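Read through the structure below, which is laid out as structure tokens, and then see the notes.
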Amino acid sequence: MYAEKGIYLYKMVNSGSLLSHINGPGDLKKLNHKELERLAVEIREVIVDRVAQNGGHLASNLGVVELSIALHRVFDSPRDKIVWDVGHQCYAHKLLTGRYAAFSGLRKARGLAGFPKREESPHDAFNTGHASTAISAAAGLLAAERMAGGGVRPSRAVAVIGDGALTGGLAYEALSHAGHLELPLIVILNDNNMSISPNVGALSKYLSRLSMKAKYQRFRRYFDSMAKKIPYVGDVFFDMVVRLKRAVKAVFYTDNFFVDLGFEYVGPIDGHNIQSLARVFEDVRQLERPVVIHIITRKGKGYGFAEDDPGNYHGVGTFSVSGGLAGGEADDVEIPAVTSNENGLSFSAAFGAALLDLAGRDSRIVALTAAMEKGAGLSLFRETYPGRFFDVGIAEAHAVTFAAGLAAQGLRPVTAIYSTFIQRAVDQVIHDVALQNLPALFALDRSGFVDGDGETHQGLFDIALFRTVPHMTILAPASESELRLMLDYALRLNSPAMIRYPKAPCPDELPPFSLPLEQGRGVWLRQMAGSRVCLAFTGSLYPQALDAVEKLKAKGIEADLYNLRFLKPVDEDYLAELLNRYDLAVFIEEGIRSGGFGEYAAALARCRDCRAKILTLAVEEDFAIEGRALGTREELLKANGLDGNSIADKIGEWSLSPSTSSGYP
């Protein structure tokens, strides 16, 4: 037993492991109800133990264990397609689909991804990592299968989406279209933030179960057909019946929204009752209509700490199972130390503190987030200025245009958004902010590599996506001091701006980091007489660039170090003059090479006929292949050639090779 207060998971002592014998969903059909309940306990133990060791998403995964078991017991994966929205709740699904033996490598380099991955298993029907996509994807999978011909028993498509993901507009677009198509799409609404009146809930469940029966559906089709055939008044009578049915449903159903979109509605159902879930799923499998199954679950189910505080146990690092997040590091695991400044601040925390200070001096500043208040460092801002804080939910496109509206009225909106999620609002940035030249500031957290979450969460595209956007300023701080300077600078602009910074600790400060910003220019961190090589870096790569300079020095190669600061606009005369001082200028950026700053610098060098040859070290487009998109930040940088050793080796190869005396390596 885990004896500590609040934890009621228990170890399966001397009873043998069921989970170790589950090699695929088919094995679930051999288990009785008691064995399924025991299996749920085992799955929770494995998830808690492994996430404590590796980090990952905890509360969301613990909440869908019974759902995962019921889905795989009833449906025939991979023939039936199960699409997990966001995908951060797929751990039980992975354990039930033959990946128990590999689960120790969860979120590790060359291990299991923390999200569904088609390349990993045929049971992962669609790669997901961002919210609100599952209904669209599942509808597409189902439509394609129907076009190809479904065989004796056409397959089914199931989209599992949480109530939080329904704040994203894409989910509503998909619901509207899927209801119009009238395909037998099954949408499971996993509601983990809603209380249900027992009486109304029981009646609603009864009516919903009744409506799913095959006999009812046959009668309904027959009645609808006959009603329309009544001479003269058939269509009018049919419309009256439809309106009457909707009115009756509105009295009993928790929500009639789905019915209005053309879906059958089932629920609410206890999402932790395997038998109830399985019975409903069996009935729904027989339908040839779109249906929403509304289930109620509890985040963190089975692990007391996570149940009491699901927010802080959503995405976690390593922790002690017995003590929780407050109990220290993972049991029996050595955690490597990380280099940080004396304050131990992450860039996210530094941003939150700096914005709070600036907001105290300027009442026009307002903060926005898309369901990432804690991760973006805005919790204290919300507490201090609740009237100036907006959490729009998982709706990034809305956040951007909402910010544009605020800016148009004279405010200074600061939208803290992860780099990987700003991709979802490119049109809004261009159309609603940039083309109107509105002073909206975007703080792009987690720019560059993000540990553990795989390719869907890497913030590698923002430079290439937004460098061409009109009026946009893009800044990249190397330290806490620079971040504060850049926030102040950007908020004084009368045009849009972005500040990109990594998921990493702020490095130790250097005096140049505190120098005032000069538009379009960076700052020198190291200049040596006679240097033939210059390293120019985007802010997040300062530790790696410095390490490379030291390693080059040991090889007898002197290299200067230039912190770009501005990725847009750029003082091209100044940059061209810089490129004429050196034989080699190396641009290292924590972003995708194609369309990045290095390509821009190389084009400028050609146009101005500059002396320096240009070497760009950035992320290649095939970064998502095995071993280059999963792991710690340090592992990802090394795998993609952006650690100090790799940078120094590349420059060393250039300096020793006569073939690079011309051209652009």
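Residues in the structure tokens are named by chain (A, B, ... in the order shown) and by number from 1 within that chain; ligands are numbered from 1 in the order shown.
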
For this session: Apply DSSP to the backbone of this structure and, from segment 18-158 of chain A, keep only the residues in strand (DSSP E); write these as a list in words.
Result: Gly56, His57, Lys81, Ile82, Val83, Trp84, Ala157 and Val158 of chain A

Problem set entry | Test item: residues at most 9 Å from Ala137 of chain A, only C-alpha atoms, excluding those fewer than 5 positions along its chain, as a ChimeraX atom specification | /A:83,126,142,159,174

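Residue nearest Gly556 of chain A, chosen from A:Leu575, A:Ala648, A:Ala603, A:Leu18 and counting only C-alpha atoms: A:Ala648.
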
For this session: Find the spatial neighbours of Leu642 of chain A, counting only C-alpha atoms, within a cut-off of 9 Å - ignore same-chain residues fewer than 4 positions away - and output them as a list in words.
Result: Leu541, Gln544, Ala545, Ile588, Glu589, Glu590, Leu617, Ala618, Val619, Leu636, Leu637, Lys638, Ser646 and Ile647 of chain A

Save the residues we just selected, N, CA and C atoms, as a CSV table (one decimal), in the first residue's frame?
chain,number,residue,atom,x,y,z
A,541,LEU,N,20.5,30.3,-27.8
A,541,LEU,CA,21.7,29.4,-28.0
A,541,LEU,C,22.9,30.1,-27.4
A,544,GLN,N,25.4,27.5,-25.8
A,544,GLN,CA,26.0,26.6,-26.7
A,544,GLN,C,27.0,27.4,-27.6
A,545,ALA,N,26.7,28.6,-28.0
A,545,ALA,CA,27.6,29.4,-28.7
A,545,ALA,C,28.9,29.7,-27.9
A,588,ILE,N,23.9,30.6,-36.1
A,588,ILE,CA,23.3,29.5,-35.4
A,588,ILE,C,22.0,29.9,-34.8
A,589,GLU,N,20.9,29.2,-35.2
A,589,GLU,CA,19.6,29.5,-34.7
A,589,GLU,C,18.8,28.3,-34.3
A,590,GLU,N,18.0,28.5,-33.3
A,590,GLU,CA,17.2,27.4,-32.8
A,590,GLU,C,15.8,27.5,-33.5
A,617,LEU,N,23.9,27.1,-39.2
A,617,LEU,CA,23.6,25.9,-38.4
A,617,LEU,C,22.2,26.0,-37.8
A,618,ALA,N,21.3,25.3,-38.3
A,618,ALA,CA,19.9,25.3,-37.9
A,618,ALA,C,19.3,23.9,-37.9
A,619,VAL,N,18.0,23.9,-37.7
A,619,VAL,CA,17.4,22.6,-37.7
A,619,VAL,C,16.9,22.2,-39.1
A,636,LEU,N,18.3,17.0,-27.6
A,636,LEU,CA,17.7,17.5,-28.9
A,636,LEU,C,18.7,18.4,-29.6
A,637,LEU,N,19.4,19.3,-28.8
A,637,LEU,CA,20.4,20.2,-29.4
A,637,LEU,C,21.5,19.4,-30.0
A,638,LYS,N,22.0,18.4,-29.3
A,638,LYS,CA,23.1,17.5,-29.7
A,638,LYS,C,22.7,16.8,-31.0
A,646,SER,N,29.2,20.2,-31.4
A,646,SER,CA,28.8,20.0,-32.8
A,646,SER,C,29.1,21.3,-33.6
A,647,ILE,N,28.8,22.5,-32.9
A,647,ILE,CA,29.1,23.8,-33.6
A,647,ILE,C,30.6,23.9,-33.8

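Interatomic distance, atom CA of Glu307 of chain A to atom CA of Glu37 of chain A: 18.9 Å.
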
For this session: Enumerate as an MDAnalysis selection string all residues of segment 440-664 of chain A assigned to alpha helix (DSSP H) by DSSP on the backbone, naming them with the chain letters and numbers the document uses.
Result: chainID A and resid 462:466 480:491 542:554 572:579 597:608 633:639 644:656

Exercise. So which residues touch segment 476-484 of chain A within 8 Å, counting only C-alpha atoms, skipping near sequence neighbours fewer than 3 positions away, as number ranges by chain?
Worked result: A: 347, 350-351, 354, 487-488, 499-501, 506-509, 513-514, 538-542, 563-567

Problem set entry | Near-Ser495 of chain A list (8 Å; only C-alpha atoms; drop same-chain fewer than 4 positions) as a VMD selection string | chain A and resid 434 437 to 440 471 to 473

Exercise. Separation of atom CA of Gln89 of chain A and atom CA of Ser60 of chain A, in Å?
Worked result: 5.3 Å

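What separates atom CA of Glu572 of chain A from atom CA of Leu604 of chain A is a distance of 7.8 Å.
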
What's around segment 389-398 of chain A at 10 Å? Count only C-alpha atoms, leave out sequence neighbours fewer than 5 positions away in its own chain, and write the answer as a compact mmCIF listing (two decimals) with N, CA and C atoms, in the first residue's frame.
# COMPACT_ATOMS: atom_id res chain seq x y z
N HIS A 130 -1.83 18.95 -30.72
CA HIS A 130 -2.52 20.22 -30.50
C HIS A 130 -4.01 19.93 -30.30
N ALA A 131 -4.70 20.85 -29.65
CA ALA A 131 -6.09 20.62 -29.26
C ALA A 131 -7.08 20.86 -30.40
N SER A 132 -8.24 20.24 -30.26
CA SER A 132 -9.43 20.51 -31.07
C SER A 132 -9.38 19.92 -32.47
N GLY A 164 -12.27 20.89 -22.35
CA GLY A 164 -11.37 22.02 -22.57
C GLY A 164 -11.08 22.24 -24.04
N ALA A 165 -10.91 21.16 -24.79
CA ALA A 165 -10.60 21.28 -26.21
C ALA A 165 -11.78 21.80 -27.01
N LEU A 166 -12.97 21.72 -26.44
CA LEU A 166 -14.14 22.27 -27.13
C LEU A 166 -14.16 23.79 -27.12
N THR A 167 -13.21 24.42 -26.45
CA THR A 167 -13.10 25.88 -26.55
C THR A 167 -12.44 26.29 -27.85
N GLY A 168 -11.86 25.33 -28.57
CA GLY A 168 -11.22 25.63 -29.84
C GLY A 168 -12.22 25.64 -30.98
N GLY A 169 -12.16 26.65 -31.83
CA GLY A 169 -13.13 26.80 -32.90
C GLY A 169 -13.13 25.66 -33.89
N LEU A 170 -11.97 25.03 -34.11
CA LEU A 170 -11.90 23.94 -35.07
C LEU A 170 -12.85 22.80 -34.70
N ILE A 365 -1.35 48.14 -20.20
CA ILE A 365 -0.88 46.78 -20.43
C ILE A 365 -1.90 45.77 -19.92
N VAL A 366 -2.29 44.85 -20.79
CA VAL A 366 -3.16 43.74 -20.41
C VAL A 366 -2.49 42.45 -20.86
N ALA A 367 -2.77 41.36 -20.16
CA ALA A 367 -2.15 40.07 -20.46
C ALA A 367 -3.20 39.08 -20.93
N LEU A 368 -2.84 38.28 -21.93
CA LEU A 368 -3.73 37.25 -22.47
C LEU A 368 -2.99 35.92 -22.51
N THR A 369 -3.75 34.85 -22.39
CA THR A 369 -3.20 33.52 -22.59
C THR A 369 -4.29 32.62 -23.13
N ALA A 370 -3.88 31.56 -23.79
CA ALA A 370 -4.82 30.57 -24.33
C ALA A 370 -4.68 29.29 -23.51
N ALA A 371 -5.23 29.33 -22.30
CA ALA A 371 -5.28 28.18 -21.39
C ALA A 371 -3.90 27.77 -20.89
N MET A 372 -2.94 28.69 -20.87
CA MET A 372 -1.60 28.38 -20.42
C MET A 372 -1.13 29.39 -19.37
N GLU A 373 -2.00 29.75 -18.47
CA GLU A 373 -1.67 30.77 -17.47
C GLU A 373 -0.44 30.40 -16.65
N LEU A 378 1.99 33.61 -15.85
CA LEU A 378 1.08 34.74 -15.67
C LEU A 378 0.18 34.63 -14.44
N SER A 379 0.41 33.65 -13.58
CA SER A 379 -0.48 33.46 -12.42
C SER A 379 -0.46 34.68 -11.50
N PHE A 381 0.31 37.74 -12.29
CA PHE A 381 -0.33 38.86 -13.00
C PHE A 381 -1.84 38.77 -12.83
N ARG A 382 -2.39 37.58 -13.01
CA ARG A 382 -3.85 37.40 -12.86
C ARG A 382 -4.30 37.77 -11.45
N GLU A 383 -3.52 37.36 -10.44
CA GLU A 383 -3.89 37.67 -9.07
C GLU A 383 -3.78 39.17 -8.78
N THR A 384 -2.79 39.82 -9.35
CA THR A 384 -2.56 41.24 -9.08
C THR A 384 -3.49 42.14 -9.88
N ALA A 403 -6.76 40.25 -29.09
CA ALA A 403 -5.68 41.19 -28.78
C ALA A 403 -5.67 42.34 -29.77
N ALA A 404 -5.95 42.06 -31.03
CA ALA A 404 -6.00 43.12 -32.04
C ALA A 404 -7.09 44.13 -31.70
N PRO A 413 -1.87 45.04 -25.46
CA PRO A 413 -2.06 43.63 -25.11
C PRO A 413 -0.77 42.83 -25.29
N VAL A 414 -0.49 41.96 -24.32
CA VAL A 414 0.65 41.05 -24.38
C VAL A 414 0.08 39.62 -24.32
N THR A 415 0.19 38.90 -25.42
CA THR A 415 -0.34 37.55 -25.50
C THR A 415 0.79 36.56 -25.30
N ILE A 417 2.01 32.99 -25.43
CA ILE A 417 1.55 31.81 -26.16
C ILE A 417 2.76 30.97 -26.54
N TYR A 418 2.63 29.67 -26.45
CA TYR A 418 3.74 28.80 -26.82
C TYR A 418 4.00 28.91 -28.32
N PHE A 421 2.03 26.77 -30.59
CA PHE A 421 0.61 27.08 -30.71
C PHE A 421 0.33 28.35 -31.51
N ILE A 422 1.31 29.25 -31.63
CA ILE A 422 1.10 30.44 -32.45
C ILE A 422 0.93 30.04 -33.91
N GLN A 423 1.42 28.86 -34.26
CA GLN A 423 1.22 28.35 -35.62
C GLN A 423 -0.26 28.27 -35.98
N ARG A 424 -1.10 28.08 -34.97
CA ARG A 424 -2.53 27.94 -35.20
C ARG A 424 -3.22 29.26 -35.49
N ALA A 425 -2.48 30.35 -35.45
CA ALA A 425 -3.09 31.67 -35.61
C ALA A 425 -2.30 32.54 -36.59
N VAL A 426 -1.66 31.92 -37.57
CA VAL A 426 -0.84 32.70 -38.51
C VAL A 426 -1.70 33.70 -39.28
N ASP A 427 -2.86 33.28 -39.74
CA ASP A 427 -3.72 34.20 -40.50
C ASP A 427 -4.13 35.39 -39.65
N GLN A 428 -4.46 35.13 -38.39
CA GLN A 428 -4.89 36.23 -37.52
C GLN A 428 -3.75 37.21 -37.27
N VAL A 429 -2.52 36.69 -37.11
CA VAL A 429 -1.37 37.58 -36.92
C VAL A 429 -1.19 38.49 -38.14
